[in-house]
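Novice: Structure file query19.pdb (PDB, C-alpha atoms, pLDDT in the B column) is given on the next line.
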```
ATOM      1  CA  MET A   1       5.873  38.585  23.183  1.00 50.00           C
ATOM      2  CA  THR A   2       4.083  35.286  23.473  1.00 51.00           C
ATOM      3  CA  SER A   3       5.987  32.320  24.700  1.00 51.00           C
ATOM      4  CA  LYS A   4       5.986  29.204  22.594  1.00 54.00           C
ATOM      5  CA  LYS A   5       5.467  25.898  24.325  1.00 56.00           C
ATOM      6  CA  SER A   6       8.659  23.952  24.714  1.00 63.00           C
ATOM      7  CA  SER A   7       7.420  21.304  22.321  1.00 83.00           C
ATOM      8  CA  ASP A   8       4.636  20.406  19.953  1.00 90.00           C
ATOM      9  CA  PRO A   9       1.824  18.216  21.270  1.00 89.00           C
ATOM     10  CA  THR A  10       2.582  14.495  21.337  1.00 89.00           C
ATOM     11  CA  TRP A  11       0.631  11.272  21.674  1.00 85.00           C
ATOM     12  CA  SER A  12       1.198  11.471  25.443  1.00 88.00           C
ATOM     13  CA  ASP A  13      -0.596  14.828  25.512  1.00 83.00           C
ATOM     14  CA  VAL A  14      -3.519  13.418  23.531  1.00 81.00           C
ATOM     15  CA  LYS A  15      -3.641  10.323  25.718  1.00 83.00           C
ATOM     16  CA  ALA A  16      -3.837  12.464  28.840  1.00 86.00           C
ATOM     17  CA  LYS A  17      -6.705  14.511  27.363  1.00 80.00           C
ATOM     18  CA  ARG A  18      -8.764  11.413  26.585  1.00 80.00           C
ATOM     19  CA  LEU A  19      -9.440  11.144  30.304  1.00 80.00           C
ATOM     20  CA  ASP A  20     -11.654  14.236  29.898  1.00 82.00           C
ATOM     21  CA  PHE A  21     -14.056  12.218  27.748  1.00 80.00           C
ATOM     22  CA  ASP A  22     -16.869  10.023  28.927  1.00 84.00           C
ATOM     23  CA  ARG A  23     -18.091   7.132  26.763  1.00 85.00           C
ATOM     24  CA  ALA A  24     -20.499   9.321  24.762  1.00 87.00           C
ATOM     25  CA  GLY A  25     -17.820  11.954  24.235  1.00 82.00           C
ATOM     26  CA  MET A  26     -15.357   9.355  22.999  1.00 78.00           C
ATOM     27  CA  LEU A  27     -17.962   7.989  20.599  1.00 82.00           C
ATOM     28  CA  ARG A  28     -18.584  11.519  19.246  1.00 86.00           C
ATOM     29  CA  LEU A  29     -14.837  11.956  18.773  1.00 83.00           C
ATOM     30  CA  VAL A  30     -14.572   8.724  16.774  1.00 82.00           C
ATOM     31  CA  ARG A  31     -17.623   9.740  14.722  1.00 86.00           C
ATOM     32  CA  ASP A  32     -16.063  13.132  13.998  1.00 85.00           C
ATOM     33  CA  LEU A  33     -12.788  11.501  12.964  1.00 82.00           C
ATOM     34  CA  TYR A  34     -14.734   9.096  10.735  1.00 88.00           C
ATOM     35  CA  SER A  35     -16.508  12.025   9.077  1.00 87.00           C
ATOM     36  CA  ALA A  36     -13.321  14.063   8.704  1.00 89.00           C
ATOM     37  CA  SER A  37     -11.638  12.016   5.972  1.00 86.00           C
ATOM     38  CA  LYS A  38     -11.880   9.046   3.670  1.00 86.00           C
ATOM     39  CA  ASP A  39      -8.519   7.826   5.038  1.00 85.00           C
ATOM     40  CA  ASN A  40     -10.012   7.658   8.535  1.00 86.00           C
ATOM     41  CA  GLN A  41     -13.008   5.752   7.183  1.00 87.00           C
ATOM     42  CA  ASN A  42     -10.756   3.258   5.399  1.00 83.00           C
ATOM     43  CA  PHE A  43      -8.714   2.849   8.588  1.00 86.00           C
ATOM     44  CA  LEU A  44     -11.753   2.146  10.752  1.00 90.00           C
ATOM     45  CA  HIS A  45     -13.329  -0.179   8.188  1.00 86.00           C
ATOM     46  CA  ALA A  46     -10.094  -2.171   8.016  1.00 83.00           C
ATOM     47  CA  ARG A  47      -9.512  -2.160  11.771  1.00 85.00           C
ATOM     48  CA  PHE A  48     -13.026  -3.443  12.458  1.00 87.00           C
ATOM     49  CA  GLU A  49     -13.088  -5.589   9.306  1.00 83.00           C
ATOM     50  CA  LEU A  50     -16.237  -3.947   7.969  1.00 87.00           C
ATOM     51  CA  GLY A  51     -17.484  -4.367   4.428  1.00 86.00           C
ATOM     52  CA  ASN A  52     -17.083  -7.031   1.812  1.00 88.00           C
ATOM     53  CA  ASP A  53     -13.489  -6.173   0.891  1.00 92.00           C
ATOM     54  CA  VAL A  54     -11.491  -3.936   3.213  1.00 93.00           C
ATOM     55  CA  LEU A  55      -8.631  -3.912   0.687  1.00 96.00           C
ATOM     56  CA  GLU A  56     -10.680  -2.363  -2.119  1.00 95.00           C
ATOM     57  CA  PRO A  57     -10.331   1.305  -1.055  1.00 96.00           C
ATOM     58  CA  TYR A  58      -6.590   0.818  -0.602  1.00 96.00           C
ATOM     59  CA  LYS A  59      -6.336  -0.798  -4.038  1.00 97.00           C
ATOM     60  CA  ALA A  60      -8.234   2.092  -5.613  1.00 96.00           C
ATOM     61  CA  ILE A  61      -5.679   4.566  -4.239  1.00 96.00           C
ATOM     62  CA  ILE A  62      -2.750   2.364  -5.296  1.00 97.00           C
ATOM     63  CA  GLY A  63      -4.196   2.055  -8.785  1.00 96.00           C
ATOM     64  CA  ARG A  64      -4.698   5.805  -9.108  1.00 94.00           C
ATOM     65  CA  GLY A  65      -1.098   6.495  -8.082  1.00 95.00           C
ATOM     66  CA  ALA A  66       0.638   3.669  -9.937  1.00 94.00           C
ATOM     67  CA  TRP A  67      -1.512   3.535 -13.100  1.00 94.00           C
ATOM     68  CA  PRO A  68      -3.244   6.885 -13.570  1.00 92.00           C
ATOM     69  CA  ASP A  69      -5.536   7.803 -16.433  1.00 89.00           C
ATOM     70  CA  ILE A  70      -3.161   9.781 -18.619  1.00 84.00           C
ATOM     71  CA  ASP A  71      -6.031  10.679 -20.971  1.00 85.00           C
ATOM     72  CA  ARG A  72      -7.388  12.763 -18.074  1.00 90.00           C
ATOM     73  CA  ASN A  73      -3.973  14.324 -17.430  1.00 86.00           C
ATOM     74  CA  GLN A  74      -3.523  12.385 -14.208  1.00 87.00           C
ATOM     75  CA  ASP A  75       0.066  12.034 -13.054  1.00 90.00           C
ATOM     76  CA  TYR A  76       1.575   8.949 -11.495  1.00 93.00           C
ATOM     77  CA  SER A  77       2.835   9.226  -7.944  1.00 93.00           C
ATOM     78  CA  VAL A  78       4.968   6.616  -6.241  1.00 94.00           C
ATOM     79  CA  ALA A  79       4.328   8.228  -2.850  1.00 94.00           C
ATOM     80  CA  LYS A  80       0.551   8.191  -3.314  1.00 95.00           C
ATOM     81  CA  ALA A  81       0.648   4.610  -4.589  1.00 95.00           C
ATOM     82  CA  LYS A  82       2.736   3.363  -1.650  1.00 96.00           C
ATOM     83  CA  LYS A  83       0.895   5.251   1.101  1.00 96.00           C
ATOM     84  CA  PRO A  84      -2.148   2.928   1.260  1.00 96.00           C
ATOM     85  CA  ILE A  85       0.107  -0.022   2.067  1.00 96.00           C
ATOM     86  CA  GLY A  86       1.487   1.814   5.087  1.00 96.00           C
ATOM     87  CA  ASP A  87      -2.008   2.961   6.039  1.00 96.00           C
ATOM     88  CA  TYR A  88      -3.304  -0.614   5.897  1.00 96.00           C
ATOM     89  CA  ARG A  89      -0.325  -1.794   7.964  1.00 95.00           C
ATOM     90  CA  LYS A  90      -1.269   0.715  10.684  1.00 94.00           C
ATOM     91  CA  ALA A  91      -4.971  -0.129  10.517  1.00 93.00           C
ATOM     92  CA  ILE A  92      -4.781  -3.895  10.754  1.00 92.00           C
ATOM     93  CA  GLY A  93      -1.614  -5.124   9.059  1.00 87.00           C
ATOM     94  CA  ARG A  94      -2.627  -8.685   8.304  1.00 94.00           C
ATOM     95  CA  PRO A  95       0.253 -10.321   6.376  1.00 96.00           C
ATOM     96  CA  GLU A  96      -2.037 -11.706   3.671  1.00 96.00           C
ATOM     97  CA  GLY A  97      -3.554  -8.250   3.141  1.00 96.00           C
ATOM     98  CA  LEU A  98      -0.132  -6.609   3.007  1.00 97.00           C
ATOM     99  CA  ALA A  99       1.016  -9.227   0.501  1.00 97.00           C
ATOM    100  CA  GLU A 100      -2.058  -8.668  -1.674  1.00 98.00           C
ATOM    101  CA  LEU A 101      -1.568  -4.895  -1.674  1.00 98.00           C
ATOM    102  CA  ALA A 102       2.152  -5.153  -2.486  1.00 97.00           C
ATOM    103  CA  VAL A 103       1.514  -7.589  -5.341  1.00 98.00           C
ATOM    104  CA  PHE A 104      -1.304  -5.372  -6.618  1.00 98.00           C
ATOM    105  CA  TYR A 105       1.039  -2.359  -6.567  1.00 97.00           C
ATOM    106  CA  CYS A 106       3.562  -4.311  -8.656  1.00 97.00           C
ATOM    107  CA  GLU A 107       0.892  -5.359 -11.147  1.00 98.00           C
ATOM    108  CA  GLN A 108      -0.322  -1.791 -11.519  1.00 97.00           C
ATOM    109  CA  ALA A 109       3.157  -0.303 -11.803  1.00 95.00           C
ATOM    110  CA  ILE A 110       4.392  -2.747 -14.450  1.00 96.00           C
ATOM    111  CA  GLY A 111       1.119  -2.476 -16.364  1.00 95.00           C
ATOM    112  CA  PHE A 112       1.365   1.314 -16.475  1.00 95.00           C
ATOM    113  CA  SER A 113       5.019   1.194 -17.441  1.00 93.00           C
ATOM    114  CA  ASN A 114       4.367  -1.199 -20.294  1.00 92.00           C
ATOM    115  CA  GLU A 115       1.334   0.773 -21.474  1.00 92.00           C
ATOM    116  CA  VAL A 116       3.035   4.155 -21.692  1.00 90.00           C
ATOM    117  CA  GLY A 117       6.702   3.205 -22.134  1.00 87.00           C
ATOM    118  CA  LEU A 118       7.688   5.064 -19.005  1.00 85.00           C
ATOM    119  CA  ASP A 119      11.220   6.464 -18.812  1.00 86.00           C
ATOM    120  CA  ASP A 120      11.679   7.229 -15.105  1.00 90.00           C
ATOM    121  CA  GLY A 121      14.477   5.634 -13.107  1.00 89.00           C
ATOM    122  CA  GLY A 122      12.964   6.717  -9.770  1.00 91.00           C
ATOM    123  CA  TYR A 123       9.688   5.014 -10.635  1.00 92.00           C
ATOM    124  CA  TYR A 124      11.562   1.809 -11.478  1.00 94.00           C
ATOM    125  CA  ASP A 125      13.644   1.978  -8.310  1.00 94.00           C
ATOM    126  CA  ALA A 126      10.436   2.237  -6.255  1.00 94.00           C
ATOM    127  CA  PHE A 127       8.865  -0.552  -8.305  1.00 95.00           C
ATOM    128  CA  CYS A 128      11.819  -2.888  -7.722  1.00 96.00           C
ATOM    129  CA  GLY A 129      11.768  -2.029  -4.018  1.00 96.00           C
ATOM    130  CA  MET A 130       8.079  -2.887  -3.832  1.00 96.00           C
ATOM    131  CA  PHE A 131       8.697  -6.089  -5.800  1.00 97.00           C
ATOM    132  CA  GLU A 132      11.251  -7.072  -3.160  1.00 97.00           C
ATOM    133  CA  GLN A 133       8.814  -6.175  -0.360  1.00 97.00           C
ATOM    134  CA  ALA A 134       6.079  -8.168  -2.088  1.00 97.00           C
ATOM    135  CA  LEU A 135       8.332 -11.201  -2.483  1.00 97.00           C
ATOM    136  CA  ASN A 136       9.433 -11.087   1.160  1.00 97.00           C
ATOM    137  CA  THR A 137       5.870 -10.702   2.413  1.00 97.00           C
ATOM    138  CA  VAL A 138       4.510 -13.418   0.123  1.00 97.00           C
ATOM    139  CA  MET A 139       7.277 -15.888   0.947  1.00 97.00           C
ATOM    140  CA  ALA A 140       6.501 -15.504   4.668  1.00 96.00           C
ATOM    141  CA  LEU A 141       2.903 -16.687   4.126  1.00 97.00           C
ATOM    142  CA  ALA A 142       1.726 -20.269   4.508  1.00 95.00           C
ATOM    143  CA  GLU A 143       2.195 -22.347   1.348  1.00 91.00           C
ATOM    144  CA  ALA A 144      -1.536 -22.456   0.541  1.00 90.00           C
ATOM    145  CA  GLU A 145      -1.753 -18.646   0.588  1.00 94.00           C
ATOM    146  CA  ARG A 146       1.620 -18.126  -1.076  1.00 96.00           C
ATOM    147  CA  GLN A 147       1.340 -19.878  -4.433  1.00 95.00           C
ATOM    148  CA  PRO A 148      -1.353 -17.746  -6.116  1.00 97.00           C
ATOM    149  CA  LEU A 149       0.580 -14.605  -5.180  1.00 98.00           C
ATOM    150  CA  VAL A 150       3.887 -16.106  -6.372  1.00 97.00           C
ATOM    151  CA  ASP A 151       2.196 -16.875  -9.697  1.00 96.00           C
ATOM    152  CA  ARG A 152       1.067 -13.253 -10.001  1.00 97.00           C
ATOM    153  CA  LEU A 153       4.548 -11.991  -9.141  1.00 97.00           C
ATOM    154  CA  GLU A 154       5.974 -14.300 -11.791  1.00 97.00           C
ATOM    155  CA  GLU A 155       3.718 -12.569 -14.331  1.00 97.00           C
ATOM    156  CA  VAL A 156       4.983  -9.205 -13.090  1.00 97.00           C
ATOM    157  CA  ARG A 157       8.593 -10.386 -13.383  1.00 97.00           C
ATOM    158  CA  LEU A 158       8.053 -11.628 -16.917  1.00 95.00           C
ATOM    159  CA  SER A 159       6.308  -8.374 -17.866  1.00 94.00           C
ATOM    160  CA  GLY A 160       9.381  -6.488 -16.689  1.00 92.00           C
ATOM    161  CA  GLN A 161      11.747  -8.214 -19.097  1.00 90.00           C
ATOM    162  CA  GLY A 162      13.298  -5.795 -21.563  1.00 86.00           C
ATOM    163  CA  ILE A 163      12.185  -2.590 -19.838  1.00 88.00           C
ATOM    164  CA  GLY A 164      15.643  -1.182 -19.287  1.00 81.00           C
ATOM    165  CA  TRP A 165      16.947   0.785 -16.291  1.00 82.00           C
ATOM    166  CA  GLY A 166      18.239  -2.543 -14.924  1.00 86.00           C
ATOM    167  CA  VAL A 167      14.701  -3.629 -14.042  1.00 93.00           C
ATOM    168  CA  GLU A 168      14.995  -7.036 -15.681  1.00 92.00           C
ATOM    169  CA  ASP A 169      18.241  -7.804 -13.847  1.00 93.00           C
ATOM    170  CA  ASP A 170      16.881  -6.557 -10.522  1.00 95.00           C
ATOM    171  CA  LEU A 171      13.666  -8.573 -10.788  1.00 96.00           C
ATOM    172  CA  ASN A 172      15.542 -11.726 -11.759  1.00 94.00           C
ATOM    173  CA  ALA A 173      18.069 -11.295  -8.934  1.00 95.00           C
ATOM    174  CA  LEU A 174      15.297 -10.716  -6.389  1.00 96.00           C
ATOM    175  CA  TRP A 175      13.390 -13.725  -7.735  1.00 96.00           C
ATOM    176  CA  GLN A 176      16.400 -16.000  -7.431  1.00 94.00           C
ATOM    177  CA  GLY A 177      17.289 -14.494  -4.036  1.00 93.00           C
ATOM    178  CA  ALA A 178      13.870 -15.589  -2.811  1.00 92.00           C
ATOM    179  CA  GLY A 179      14.744 -19.154  -3.830  1.00 90.00           C
ATOM    180  CA  LEU A 180      12.425 -19.200  -6.836  1.00 91.00           C
ATOM    181  CA  LYS A 181      13.294 -20.686 -10.198  1.00 87.00           C
ATOM    182  CA  ALA A 182      12.867 -18.562 -13.300  1.00 79.00           C
ATOM    183  CA  ASP A 183      10.672 -20.248 -15.934  1.00 68.00           C
ATOM    184  CA  GLU A 184      11.488 -18.035 -18.903  1.00 56.00           C
TER     185      GLU A 184
END
```
Could you rewrite the structure in this file as structure tokens?
Specialist:
Amino acid sequence: MTSKKSSDPTWSDVKAKRLDFDRAGMLRLVRDLYSASKDNQNFLHARFELGNDVLEPYKAIIGRGAWPDIDRNQDYSVAKAKKPIGDYRKAIGRPEGLAELAVFYCEQAIGFSNEVGLDDGGYYDAFCGMFEQALNTVMALAEAERQPLVDRLEEVRLSGQGIGWGVEDDLNALWQGAGLKADE
């Protein structure tokens, strides 16, 4: 009978092993991680602020999850659409980037819903939760950065009127809770 270790490996175990690497070995490890997955590449590009738009790969994943191509039998996935926001937060987590991604998610989700007439309470619950997150993140930005995003969220809010599932009421309550006036 083989004995199982008392616990699964942890970050502390990995951290201790890194001492076995010299500079070249560590560079090879990072290169191998970079080559292993697109998520790792996006993470490193964001962390080191490489490329013209570090948000673009995250937006592509959000768009695919929140507004899939139903003509190609793609399914929507709240989890897949929300994951890039968490990934970006871990990679660099700049508030303006997080705000942009949350607003983009809301735009994609409401656009998809309006296009297909979606009837999914869970989708709308996640959408309203992200709308709240977007509002909170946007309202914490400096005024100069805030207003264009508030304007976009206003368009999302107006697009959500009449959907059902309590979406209209939720969006309006969140809007007013953020201290914003509804221009209907």
Novice: Check what the PyMOL selection byres ((chain A and resi 152-163) around 9) selects in the file above and give those residues as a ChimeraX atom specification.
Specialist: /A:103-104,106-107,110-111,113-114,117-118,131,134-135,147-151,164-169,171-172,175,182-184
Novice: Write the residues of the selection above to a file with C-alpha atoms, as a PDB file, keeping the file's coordinate frame.
Specialist:
```
ATOM      1  CA  VAL A 103       1.514  -7.589  -5.341  1.00 98.00           C
ATOM      2  CA  PHE A 104      -1.304  -5.372  -6.618  1.00 98.00           C
ATOM      3  CA  CYS A 106       3.562  -4.311  -8.656  1.00 97.00           C
ATOM      4  CA  GLU A 107       0.892  -5.359 -11.147  1.00 98.00           C
ATOM      5  CA  ILE A 110       4.392  -2.747 -14.450  1.00 96.00           C
ATOM      6  CA  GLY A 111       1.119  -2.476 -16.364  1.00 95.00           C
ATOM      7  CA  SER A 113       5.019   1.194 -17.441  1.00 93.00           C
ATOM      8  CA  ASN A 114       4.367  -1.199 -20.294  1.00 92.00           C
ATOM      9  CA  GLY A 117       6.702   3.205 -22.134  1.00 87.00           C
ATOM     10  CA  LEU A 118       7.688   5.064 -19.005  1.00 85.00           C
ATOM     11  CA  PHE A 131       8.697  -6.089  -5.800  1.00 97.00           C
ATOM     12  CA  ALA A 134       6.079  -8.168  -2.088  1.00 97.00           C
ATOM     13  CA  LEU A 135       8.332 -11.201  -2.483  1.00 97.00           C
ATOM     14  CA  GLN A 147       1.340 -19.878  -4.433  1.00 95.00           C
ATOM     15  CA  PRO A 148      -1.353 -17.746  -6.116  1.00 97.00           C
ATOM     16  CA  LEU A 149       0.580 -14.605  -5.180  1.00 98.00           C
ATOM     17  CA  VAL A 150       3.887 -16.106  -6.372  1.00 97.00           C
ATOM     18  CA  ASP A 151       2.196 -16.875  -9.697  1.00 96.00           C
ATOM     19  CA  GLY A 164      15.643  -1.182 -19.287  1.00 81.00           C
ATOM     20  CA  TRP A 165      16.947   0.785 -16.291  1.00 82.00           C
ATOM     21  CA  GLY A 166      18.239  -2.543 -14.924  1.00 86.00           C
ATOM     22  CA  VAL A 167      14.701  -3.629 -14.042  1.00 93.00           C
ATOM     23  CA  GLU A 168      14.995  -7.036 -15.681  1.00 92.00           C
ATOM     24  CA  ASP A 169      18.241  -7.804 -13.847  1.00 93.00           C
ATOM     25  CA  LEU A 171      13.666  -8.573 -10.788  1.00 96.00           C
ATOM     26  CA  ASN A 172      15.542 -11.726 -11.759  1.00 94.00           C
ATOM     27  CA  TRP A 175      13.390 -13.725  -7.735  1.00 96.00           C
ATOM     28  CA  ALA A 182      12.867 -18.562 -13.300  1.00 79.00           C
ATOM     29  CA  ASP A 183      10.672 -20.248 -15.934  1.00 68.00           C
ATOM     30  CA  GLU A 184      11.488 -18.035 -18.903  1.00 56.00           C
TER      31      GLU A 184
END
```
Novice: Quick check, in Å to one decimal: how far apart do atom CA of A:Glu115 and atom CA of A:Ile70 lie?
Specialist: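 Separation between atom CA of A:Glu115 and atom CA of A:Ile70: 10.5 Å.
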Novice: For the file shown, what are the residues hit by the PyMOL selection byres ((chain A and resi 126) around 12), laid out as a PyMOL selection string?
Specialist: chain A and resi 66+77-82+102+105-106+109-110+120-125+127-133+167+170
Novice: Just to confirm, what's the straight-line distance from atom CA of A:Ala142 to atom CA of A:Gly51 in Å (one decimal)?
Specialist: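 That distance, rounded to one decimal, is 24.9 Å.
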Novice: What gap, in Å, lies between atom CA of A:Phe43 and atom CA of A:Val30?
Specialist: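 Going from atom CA of A:Phe43 over to atom CA of A:Val30, I get 11.7 Å.
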Novice: Counting all atoms listed in the file, which residue out of A:Leu174, A:Val116, A:Leu98, A:Ile92 sits closest to A:Arg47?
Specialist: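 For A:Arg47, the nearest of the candidates is A:Ile92.
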Novice: Which residue, A:Ser37, A:Asn42, A:Gln108, A:Thr137, has the smallest gap to A:Gly63 when you use only C-alpha atoms?
Specialist: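 Of A:Ser37, A:Asn42, A:Gln108, A:Thr137, the one nearest A:Gly63 is A:Gln108, counting only C-alpha atoms.
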